[in-house]
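Comments concern the structure below.
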Amino acid sequence: MTHPFQPIEEVTLQEFVLFIKVHHKQIKENMNIYLNLEPAIGETERNRVALLLDSFLRLLTHTNIDELNGDEYFFNTWLQSQLSIIDRKSFNLFQLIFEKSLITFMIQQKSSRTNAVLMYVLSLFMSLVQLYYDCEGEGKSSNRPTENEGLRHLQLLDKLDKLLISSSGYQDLAYILKKCEEYFSYKRCVFYAYVPWSNQFYGVIGAELPKVQSMKGELTGENTILSSRKPIYLKSPKNYVKEEHIQLFGLSSIIFIPIVGGDQLFGWLTFDQLGEEFDCTKEELALLEEVGKRLGLFLSRKSEKVEKNTELHLTERESMILGLLAEGYDNKKIASLLFLSEHTVRDYVSSLMTKLKAKNRTQVVASSFRLGLLS
């Protein structure tokens with residue numbers, strides 16, 4: 001007979017992740033049920049909580065158990081990537097529905113480890129809540145750079161401001177990124193452009209350009225890092241960046257900085273040290289966030305001027321096809337939409353490649369964005 005005061009067996013992060021990996025389908029079914037049954041919640045709030053639940057479950061199920069670091073780092077990185085959609089109400093609902101879904105599943109399975117897992121989850125969410133409150137209070141924090149460090153940051157931003165004032169627009173972006181590497185002491189800086197009407201991103205500028213321009217995709221719930229409007233530092237990108245991309249660029253530590261001007265998201269900068277692991281303080285991350293804001297302001301002011309100054313002329317039909325290419329349509333679909341033959345569409349795409357000196361369709365779109373033909 002079990003003693004009523006027998007200590008509850010502890011569950012480790014690795015054991016918890018493994019448990020979720022094995023049973024994630026059933027837990028997800030429960031989450032969908034409880035989310036749809038939740039009273040007094042609007043559609044916007046419901047979608048926000050659904051994104052949080054889906055992202056959290058994906059984090060746990062796609063993680064390599066052998067590469068897990070400490071609990072706080074693992075979950076803090078995820079939380080940072082979700083700050084753009086979290087508020088207190090959605091965070092509380094996310095916690096409630098996850099816990100109810102897990103409890104229901106374990107009761108159904110009559111699991112012998114129910115108490116141990118639930119104690120771990122309670123502890124986990126206590127930590128997550130504290131991390132969230134810490135993130136909420138960062139803007140009000142009195143922890144600021146030292147006087148010397150603050151002066152250095154101001155001097156660097158002043159140099160960047162002077163560079164941006166003297167630059168013309170998109171065509172100077174490659175040079176600006178090289179200077180950012182120099183100013184902020186990183187070996188590689190890459191720009192990924194965001195195309196809002198197709199919800200896609202493209203690698204545009206950076207060292208080893210063919211590799212950079214091979215990067216493209218749609219901004220979905222799986223892109224937790226790019227979904228954030230806050231800067232993200234990853235000491236290790238393994239749980240957040242596809243392995244093929246880590247291998248392609250030889251990534252170790254990396255920083256993602258959103259470029260926003262007004263309400264418009266232009267894309268993201270990444271900073272890294274060409275495969276070397278590095279640390280990044282909150283002050284350094286805040287400095288790079290300012291870099292992103294200044295670049296966003298620069299691009300929002302210069303975009304119209306770039307479009308007017310470009311000597312490249314596209315016909316109305318070429319412009320239409322360029323827009324459809326940016327939305328990811330293939331030749332067959334474009335032909336159907338414009339009532340043309342596939343052969344004619346291929347000719348137009350070839351013409352665009354020639355005018356833009358591009359080797360493929362991806363480079364056509366990337367070059368068009370850089371030249372201001374796509375804004």
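In the structure tokens, chains take letters A, B, ... by order of appearance, with residues numbered from 1 within each chain and ligands from 1 in the order shown.
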Within 7 Å of Thr270 in chain A using only C-alpha atoms, minus same-chain residues under 4 positions, as a count of residues only
7
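Between Val11 in chain A and the candidates A:Ser90, A:Ser336, A:Asn115, A:Asn360, the tightest atom-to-atom separation, counting only C-alpha atoms, involves A:Asn115.
Considering the residues A:Arg361, A:Arg46, A:Lys21, A:Arg370 and counting only C-alpha atoms, Ile321 in chain A has its shortest atom-to-atom contact with A:Arg361.
Around range 233-239 of chain A, within 7 Å and counting only C-alpha atoms, the residues found are Thr63, Pro231, Val241, Glu243, Ser252, Ser253, Ile254, Ile255, Phe256, Glu277, Phe278 and Asp279 of chain A, once anything fewer than 2 positions away on its own chain is removed.
With distances restricted to only C-alpha atoms, A:Gln82 is the closest residue to Leu59 in chain A from A:Thr281, A:Gln82, A:Asn92, A:Ser351.
The protein and nucleic acid residues lying at most 8 Å from Lys230 in chain A are Gln80, Ser81, Leu83, Ser84, Ile257, Pro258 and Glu289 of chain A, with only C-alpha atoms considered and sequence neighbours fewer than 6 positions away removed.
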File dump, residues just selected, N, CA and C atoms, as a compact mmCIF listing (two decimals), in the first residue's frame:
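Resulting contents of selection.txt:
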# COMPACT_ATOMS: atom_id res chain seq x y z
N GLN A 80 10.25 34.86 -25.60
CA GLN A 80 10.69 36.08 -26.30
C GLN A 80 10.13 36.12 -27.72
N SER A 81 10.04 34.95 -28.36
CA SER A 81 9.58 34.90 -29.74
C SER A 81 8.07 35.13 -29.87
N LEU A 83 6.30 37.44 -27.85
CA LEU A 83 5.89 38.68 -27.17
C LEU A 83 4.99 39.56 -28.03
N SER A 84 5.10 39.43 -29.36
CA SER A 84 4.30 40.28 -30.24
C SER A 84 2.81 39.94 -30.18
N ILE A 257 16.80 40.71 -35.66
CA ILE A 257 16.32 42.06 -35.37
C ILE A 257 15.25 42.45 -36.39
N PRO A 258 14.00 42.72 -35.96
CA PRO A 258 12.97 43.16 -36.92
C PRO A 258 13.24 44.58 -37.39
N GLU A 289 18.31 46.60 -31.44
CA GLU A 289 16.90 46.91 -31.69
C GLU A 289 16.78 48.33 -32.22
Per DSSP on the backbone, filter range 110-247 of chain A down to the residues in alpha helix (DSSP H) and report them as a PyMOL selection string.
chain A and resi 114-136+147-165+173-184+209-213+243-247
Give me the residues of range 260-320 of chain A that have any atom at most 9 Å from an atom of range 149-153 of chain A; for each, the nearest atom pair and the distance in Å, rounded to one decimal. Use only C-alpha atoms, sort by chain and number, and format it as a Markdown table.
| residue | atom | partner | partner_atom | distance |
| --- | --- | --- | --- | --- |
| A:Glu283 | CA | A:Gly150 | CA | 8.8 |
| A:Glu284 | CA | A:His153 | CA | 8.5 |
| A:Leu287 | CA | A:His153 | CA | 6.7 |
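Our summary of the geometry notes that CA of Gln109 in chain A is positioned 17.5 Å from CA of Val121 in chain A.
Counting only C-alpha atoms, the residue from A:Tyr192, A:His24, A:Phe19, A:Ile232 that sits nearest to Cys280 in chain A is A:Ile232.
You will find CA of His343 in chain A at 28.3 Å from CA of Val204 in chain A.
As for CA of Glu10 in chain A and CA of Ala116 in chain A, they are spaced 5.8 Å apart.
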Would you list, as a ChimeraX atom specification, the residues of range 102-334 of chain A that end up in strand (DSSP E) under DSSP run on this structure's backbone?
/A:188-195,200-205,216-218,232-234,254-261,264-272
Output file for the residues above (N, CA and C atoms, as a short mmCIF file (atom, residue, chain, number, x, y, z; two decimals), in the first residue's frame):
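part-v6.cif written:
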data_model
loop_
_atom_site.label_atom_id
_atom_site.label_comp_id
_atom_site.auth_asym_id
_atom_site.auth_seq_id
_atom_site.Cartn_x
_atom_site.Cartn_y
_atom_site.Cartn_z
N ARG A 188 28.99 38.80 -39.75
CA ARG A 188 28.01 38.64 -40.83
C ARG A 188 26.70 39.31 -40.45
N CYS A 189 26.16 40.08 -41.40
CA CYS A 189 24.85 40.71 -41.23
C CYS A 189 24.06 40.43 -42.50
N VAL A 190 22.86 39.87 -42.37
CA VAL A 190 22.03 39.47 -43.51
C VAL A 190 20.68 40.16 -43.41
N PHE A 191 20.15 40.58 -44.55
CA PHE A 191 18.82 41.19 -44.60
C PHE A 191 17.84 40.24 -45.27
N TYR A 192 16.73 39.96 -44.57
CA TYR A 192 15.63 39.16 -45.11
C TYR A 192 14.43 40.09 -45.28
N ALA A 193 13.94 40.19 -46.51
CA ALA A 193 12.83 41.09 -46.80
C ALA A 193 11.50 40.38 -46.58
N TYR A 194 10.51 41.15 -46.16
CA TYR A 194 9.16 40.63 -45.94
C TYR A 194 8.22 41.24 -46.98
N VAL A 195 7.45 40.38 -47.65
CA VAL A 195 6.46 40.84 -48.64
C VAL A 195 5.07 40.62 -48.04
N GLN A 200 5.31 36.37 -47.29
CA GLN A 200 6.53 35.58 -47.52
C GLN A 200 7.77 36.41 -47.18
N PHE A 201 8.87 35.70 -46.93
CA PHE A 201 10.15 36.37 -46.70
C PHE A 201 11.19 35.82 -47.69
N TYR A 202 12.16 36.69 -48.01
CA TYR A 202 13.20 36.34 -48.96
C TYR A 202 14.55 36.82 -48.44
N GLY A 203 15.57 35.99 -48.59
CA GLY A 203 16.92 36.44 -48.33
C GLY A 203 17.33 37.39 -49.45
N VAL A 204 17.83 38.57 -49.09
CA VAL A 204 18.11 39.59 -50.11
C VAL A 204 19.59 39.97 -50.16
N ILE A 205 20.18 40.33 -49.03
CA ILE A 205 21.54 40.87 -49.01
C ILE A 205 22.33 40.22 -47.89
N LYS A 216 13.93 31.41 -48.62
CA LYS A 216 12.61 32.00 -48.81
C LYS A 216 11.59 31.11 -48.11
N GLY A 217 10.45 31.67 -47.82
CA GLY A 217 9.40 30.87 -47.18
C GLY A 217 8.22 31.74 -46.82
N GLU A 218 7.20 31.09 -46.32
CA GLU A 218 5.99 31.79 -45.89
C GLU A 218 6.03 31.98 -44.39
N ILE A 232 15.54 38.97 -30.97
CA ILE A 232 15.73 37.65 -30.38
C ILE A 232 17.19 37.26 -30.46
N TYR A 233 17.77 36.86 -29.34
CA TYR A 233 19.13 36.31 -29.32
C TYR A 233 19.05 34.82 -29.03
N LEU A 234 19.66 34.02 -29.89
CA LEU A 234 19.71 32.57 -29.70
C LEU A 234 21.15 32.14 -29.50
N ILE A 254 23.14 33.40 -32.89
CA ILE A 254 22.61 34.33 -33.90
C ILE A 254 21.61 35.28 -33.26
N ILE A 255 21.49 36.48 -33.83
CA ILE A 255 20.56 37.50 -33.36
C ILE A 255 19.62 37.88 -34.49
N PHE A 256 18.31 37.96 -34.21
CA PHE A 256 17.30 38.39 -35.18
C PHE A 256 16.75 39.75 -34.75
N ILE A 257 16.80 40.71 -35.66
CA ILE A 257 16.32 42.06 -35.37
C ILE A 257 15.25 42.45 -36.39
N PRO A 258 14.00 42.72 -35.96
CA PRO A 258 12.97 43.16 -36.92
C PRO A 258 13.24 44.58 -37.39
N ILE A 259 12.95 44.85 -38.66
CA ILE A 259 13.08 46.20 -39.22
C ILE A 259 11.67 46.73 -39.45
N VAL A 260 11.27 47.68 -38.64
CA VAL A 260 9.91 48.20 -38.66
C VAL A 260 9.94 49.71 -38.81
N GLY A 261 9.14 50.22 -39.75
CA GLY A 261 8.98 51.66 -39.91
C GLY A 261 7.51 52.01 -39.81
N GLN A 264 4.76 49.33 -40.63
CA GLN A 264 5.18 48.44 -41.71
C GLN A 264 6.40 47.61 -41.31
N LEU A 265 6.30 46.32 -41.52
CA LEU A 265 7.43 45.42 -41.30
C LEU A 265 8.16 45.25 -42.63
N PHE A 266 9.41 45.70 -42.69
CA PHE A 266 10.20 45.58 -43.92
C PHE A 266 10.94 44.25 -43.99
N GLY A 267 11.26 43.68 -42.84
CA GLY A 267 12.00 42.42 -42.83
C GLY A 267 12.79 42.28 -41.55
N TRP A 268 13.93 41.58 -41.64
CA TRP A 268 14.74 41.30 -40.46
C TRP A 268 16.22 41.35 -40.81
N LEU A 269 17.01 41.76 -39.83
CA LEU A 269 18.46 41.62 -39.92
C LEU A 269 18.87 40.46 -39.03
N THR A 270 19.87 39.71 -39.46
CA THR A 270 20.49 38.74 -38.57
C THR A 270 21.95 39.12 -38.41
N PHE A 271 22.45 38.96 -37.20
CA PHE A 271 23.86 39.19 -36.88
C PHE A 271 24.44 37.89 -36.33
N ASP A 272 25.61 37.50 -36.80
CA ASP A 272 26.29 36.35 -36.20
C ASP A 272 27.79 36.47 -36.43
#
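Near Ala335 in chain A, within 7 Å and counting only C-alpha atoms, sit Ser341, Glu342 and Val345 of chain A; same-chain residues fewer than 6 positions away were not included.
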If we count only C-alpha atoms, what is near Gly262 in chain A at a cut-off of 10 Å, once residues fewer than 6 positions away on the same chain are taken out, given as a list in words?
Lys293, Gly296, Leu297 and Ser300 of chain A
Could you dump the residues just selected with C-alpha atoms as an mmCIF file, in the first residue's frame?
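What ended up in out_4.cif:
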data_model
loop_
_atom_site.group_PDB
_atom_site.id
_atom_site.type_symbol
_atom_site.label_atom_id
_atom_site.label_comp_id
_atom_site.auth_asym_id
_atom_site.auth_seq_id
_atom_site.Cartn_x
_atom_site.Cartn_y
_atom_site.Cartn_z
ATOM 1 C CA LYS A 293 14.207 50.952 -35.835
ATOM 2 C CA GLY A 296 12.950 50.897 -40.678
ATOM 3 C CA LEU A 297 12.628 54.689 -40.594
ATOM 4 C CA SER A 300 10.058 54.003 -45.055
#
